[in-house]
Amino acid sequence: MHSLSRDKNGFIFTLDIILGMIIVFIIIASTVFFISRSVESNLEKYQLLILGSDIVNILDEQKTFDSLDYNEIETEMEELLPPNYEMLLRLEGNFSTGNGTLEVGGNIPLEEDLFFGRRIAITSNNTFLEITYVLWSREG
Amino acid sequence: MKGKKGILYSLGLTLFALIILTLALLIWKQGDSAESHFIDLIVAQQAQEIQTSTNKAFSEVYLREGNISFSLRETSLTIVENFPEDYNQLKQIFTSLETDIEKNFVGIEINQEKFQSMDGLLLQPLNISYMHGTQGGIHIDQNLQIDSYTLSLIFGGNVTSCTIDFVSGGSFDVSFSVVSPSTNCSDQGTNLQSANISLIAEEQNIYVTLQPNGPFSIVSNVSLVSNLTVGYQPTKNVYVQLPIEVELLESFQNFSQKTKVKLSLPSLD
């Protein structure tokens, strides 16, 4: 009788541990899930930053900023931008258009965390430009 | 006996559960660390981009406004420029560029004192300096990697005198030629110790000197086109650098990086 009671205790204790382990596995699975999602999302944001940097660099090499013309910059930018992505370029400098500020591209989605990149450019007539850019996914 | 077995199973599973829990904590911590590294990566990328684009802006202005052209190879650098050189406008643009960058980008410091005083350049990694002299002309410091100079001077006006004096007993090869509407003169020598060339054009003296051990100079205030090829030991990945320092001070990650402006020249090899 005494031995049977100990057996029952051991069995219940084991069940208890199995239940505990299930909870621990759920914790571990959710941890891995959220962390991997966060890493994926970060990598995507980093990739967007690099893509933005490449696009601005190409526009600079093509001397697209020399004109400081909204339509020309927008057309060239759209050509380089992959489908389903949007981009905003902000050019600031000592030029007369828009009192030295020109914004080209879409409206930044407010609900997303985005990374901004900045670089320096100089036009063919030696106008200094500070370029700020941001890229985001259209679906996001 | 069975009870003991149950307890042993339970203890084993408890231990296993603890291991799993520790693993979960480790993964969690690793995730935090990855997030922190990611932020570092973004900050470094942003800082790097500002520094790279600053270097690019200086390089672009120099190649456009410098009135100088380059042909870069693994064994030689050819520089063509018009004399008398005037770098005042370029220096003004550089000063203005420095002011704009430092005003708009906190953490970027530009030091162009050396360039403003000597307006020269460096061929790296050989550390060959090409400087404009205060009297007008070019000066190249002694450098053991240099083995030859090929100089062609093209004058718009007449050259009335051309004296070439080569002294052998050294290790330099020199090839020299003058082209002018009235007179052409040329000479070449191998294994030279020194060379002294004096010309008179537009009633002014022009001197080209190769001193023993290698310092080379052209002194001229006359209007001419200089085409100078400096030959050196074959070297991979040679590049031309301006003595302008761009220092990046990143406060978030607490790092700093100092680079010199590298000219964007295509290698012809």
# chains A, B, ... in the order shown; residues from 1 in each chain; ligands from 1
>>> residues_around(residues="Val240 in chain B", least_positions_apart="4", cutoff="7 Å", atoms="only C-alpha atoms", output="PyMOL selection string")
chain B and resi 121-124+262-263
>>> interface_residues(of="chain A", to="chain B", cutoff="6 Å", atoms="only C-alpha atoms", output="PyMOL selection string")
chain A and resi 6-7+10+14+21+28+35+117+119-122
>>> write_last_selection(atoms="N, CA and C atoms", output="compact mmCIF listing (two decimals), in the first residue's frame")
# COMPACT_ATOMS: atom_id res chain seq x y z
N ARG A 6 3.71 5.72 -3.09
CA ARG A 6 4.96 6.36 -3.57
C ARG A 6 5.02 6.35 -5.10
N ASP A 7 4.50 5.19 -5.68
CA ASP A 7 4.45 5.09 -7.14
C ASP A 7 3.60 6.19 -7.73
N GLY A 10 5.31 9.48 -7.54
CA GLY A 10 6.33 9.59 -8.60
C GLY A 10 5.69 9.87 -9.95
N THR A 14 6.15 13.15 -12.16
CA THR A 14 6.61 13.06 -13.55
C THR A 14 5.68 13.83 -14.50
N MET A 21 7.73 21.02 -18.61
CA MET A 21 8.59 21.04 -19.81
C MET A 21 7.85 21.57 -21.03
N ILE A 28 10.47 28.58 -25.06
CA ILE A 28 11.64 28.55 -25.94
C ILE A 28 11.23 28.77 -27.41
N ILE A 35 12.59 36.27 -31.74
CA ILE A 35 13.95 36.75 -32.01
C ILE A 35 14.28 36.64 -33.49
N GLY A 117 19.41 57.45 -44.02
CA GLY A 117 20.82 57.54 -44.40
C GLY A 117 21.12 58.96 -44.82
N ARG A 119 24.20 61.52 -46.81
CA ARG A 119 25.48 61.62 -47.48
C ARG A 119 25.68 63.02 -48.05
N ILE A 120 26.89 63.24 -48.49
CA ILE A 120 27.26 64.55 -49.04
C ILE A 120 27.39 64.40 -50.55
N ALA A 121 26.99 65.43 -51.26
CA ALA A 121 27.24 65.43 -52.72
C ALA A 121 27.57 66.85 -53.13
N ILE A 122 28.20 66.96 -54.27
CA ILE A 122 28.54 68.28 -54.78
C ILE A 122 28.19 68.31 -56.27
>>> closest_residue(among="B:Asn184, B:Thr75, B:Ser198, B:Ser36", to="Thr235 in chain B", atoms="only C-alpha atoms")
B:Thr75
>>> select_by_dssp(residues="range 8-187 of chain B", states="helix (DSSP H, G or I)", output="ChimeraX atom specification")
/B:8-65,88-104,113-118
>>> atom_distance(atom1="CA of Lys114 in chain B", atom2="CA of Asn88 in chain B")
14.5 Å
>>> atom_distance(atom1="CA of Gln112 in chain B", atom2="CA of Leu77 in chain B")
23.5 Å
>>> closest_residue(among="B:Ile138, B:Ala195, B:Val208, B:Ile146", to="Val178 in chain B", atoms="only C-alpha atoms")
B:Val208
>>> select_by_dssp(residues="chain A", states="strand (DSSP E or B)", output="PyMOL selection string")
chain A and resi 85-93+101-105+117-122+128-137
>>> residues_around(residues="range 56-68 of chain A", least_positions_apart="2", cutoff="6 Å", atoms="only C-alpha atoms", output="NGL selection string")
:A and (53-54 or 123)
>>> write_last_selection(atoms="N, CA and C atoms", output="PDB file, in the first residue's frame")
ATOM      1  N   SER A  53      21.320  53.766 -50.131  1.00  0.00           N
ATOM      2  CA  SER A  53      22.669  54.310 -50.305  1.00  0.00           C
ATOM      3  C   SER A  53      23.138  54.094 -51.748  1.00  0.00           C
ATOM      4  N   ASP A  54      22.890  52.878 -52.281  1.00  0.00           N
ATOM      5  CA  ASP A  54      23.301  52.571 -53.661  1.00  0.00           C
ATOM      6  C   ASP A  54      22.568  53.465 -54.660  1.00  0.00           C
ATOM      7  N   THR A 123      27.476  69.353 -56.681  1.00  0.00           N
ATOM      8  CA  THR A 123      27.043  69.404 -58.084  1.00  0.00           C
ATOM      9  C   THR A 123      28.201  69.889 -58.962  1.00  0.00           C
TER      10      THR A 123
END
>>> residues_around(residues="Met131 in chain B", least_positions_apart="4", cutoff="8 Å", atoms="only C-alpha atoms", output="list in words")
Met118, Asp119, Gly120, Leu121, Ile138, His139 and Ile140 of chain B
>>> residues_around(residues="Leu89 in chain A", least_positions_apart="4", cutoff="12 Å", atoms="only C-alpha atoms", output="CSV table (one decimal) with C-alpha atoms, in the first residue's frame")
chain,number,residue,atom,x,y,z
A,52,GLY,CA,19.0,53.6,-50.6
A,53,SER,CA,22.7,54.3,-50.3
A,55,ILE,CA,20.5,54.5,-55.4
A,56,VAL,CA,21.7,57.8,-54.1
A,59,LEU,CA,22.1,59.3,-58.9
A,65,PHE,CA,21.4,66.2,-58.7
A,68,LEU,CA,18.0,70.2,-58.9
A,70,TYR,CA,12.1,67.7,-59.0
A,73,ILE,CA,15.3,63.4,-60.0
A,74,GLU,CA,12.0,61.6,-59.4
A,76,GLU,CA,15.6,58.7,-62.4
A,77,MET,CA,14.9,57.6,-58.8
A,78,GLU,CA,11.8,55.6,-59.9
A,101,THR,CA,15.3,72.3,-49.6
A,102,LEU,CA,14.0,69.8,-52.2
A,103,GLU,CA,12.0,66.7,-51.2
A,104,VAL,CA,11.4,64.1,-53.9
A,105,GLY,CA,9.4,60.8,-53.4
A,106,GLY,CA,6.6,59.4,-51.3
A,107,ASN,CA,5.2,60.2,-47.9
A,108,ILE,CA,6.9,58.4,-45.0
A,116,PHE,CA,17.6,57.3,-42.5
A,117,GLY,CA,20.8,57.5,-44.4
A,118,ARG,CA,22.7,60.7,-45.1
A,119,ARG,CA,25.5,61.6,-47.5
A,129,LEU,CA,24.2,69.2,-51.0
A,130,GLU,CA,23.3,67.3,-47.9
A,131,ILE,CA,21.2,64.3,-49.0
A,132,THR,CA,18.9,62.5,-46.5
A,133,TYR,CA,17.1,59.4,-47.8
A,134,VAL,CA,14.8,56.7,-46.5
A,135,LEU,CA,13.3,53.6,-48.1
>>> residues_around(residues="Glu202 in chain B", least_positions_apart="3", cutoff="12 Å", atoms="only C-alpha atoms", output="number ranges by chain")
B: 155-161, 180, 182, 199, 205-206, 220-224
>>> residues_around(residues="Asp147 in chain B", least_positions_apart="5", cutoff="7 Å", atoms="only C-alpha atoms", output="VMD selection string")
chain B and resid 171 to 173 231 to 232
>>> write_last_selection(atoms="N, CA and C atoms", output="short mmCIF file (atom, residue, chain, number, x, y, z; two decimals), in the first residue's frame")
data_model
loop_
_atom_site.label_atom_id
_atom_site.label_comp_id
_atom_site.auth_asym_id
_atom_site.auth_seq_id
_atom_site.Cartn_x
_atom_site.Cartn_y
_atom_site.Cartn_z
N SER B 171 71.35 55.70 -60.89
CA SER B 171 70.39 54.63 -61.21
C SER B 171 69.11 55.15 -61.86
N PHE B 172 69.10 56.42 -62.26
CA PHE B 172 67.86 56.98 -62.83
C PHE B 172 67.90 57.02 -64.36
N ASP B 173 66.76 56.74 -64.95
CA ASP B 173 66.61 56.91 -66.40
C ASP B 173 65.79 58.18 -66.61
N GLY B 231 58.33 56.95 -63.20
CA GLY B 231 58.37 55.48 -63.24
C GLY B 231 58.84 54.93 -61.90
N TYR B 232 58.26 53.83 -61.48
CA TYR B 232 58.62 53.24 -60.18
C TYR B 232 58.55 51.71 -60.27
#
>>> atom_distance(atom1="CA of Glu139 in chain A", atom2="CA of Gln47 in chain A")
16.2 Å
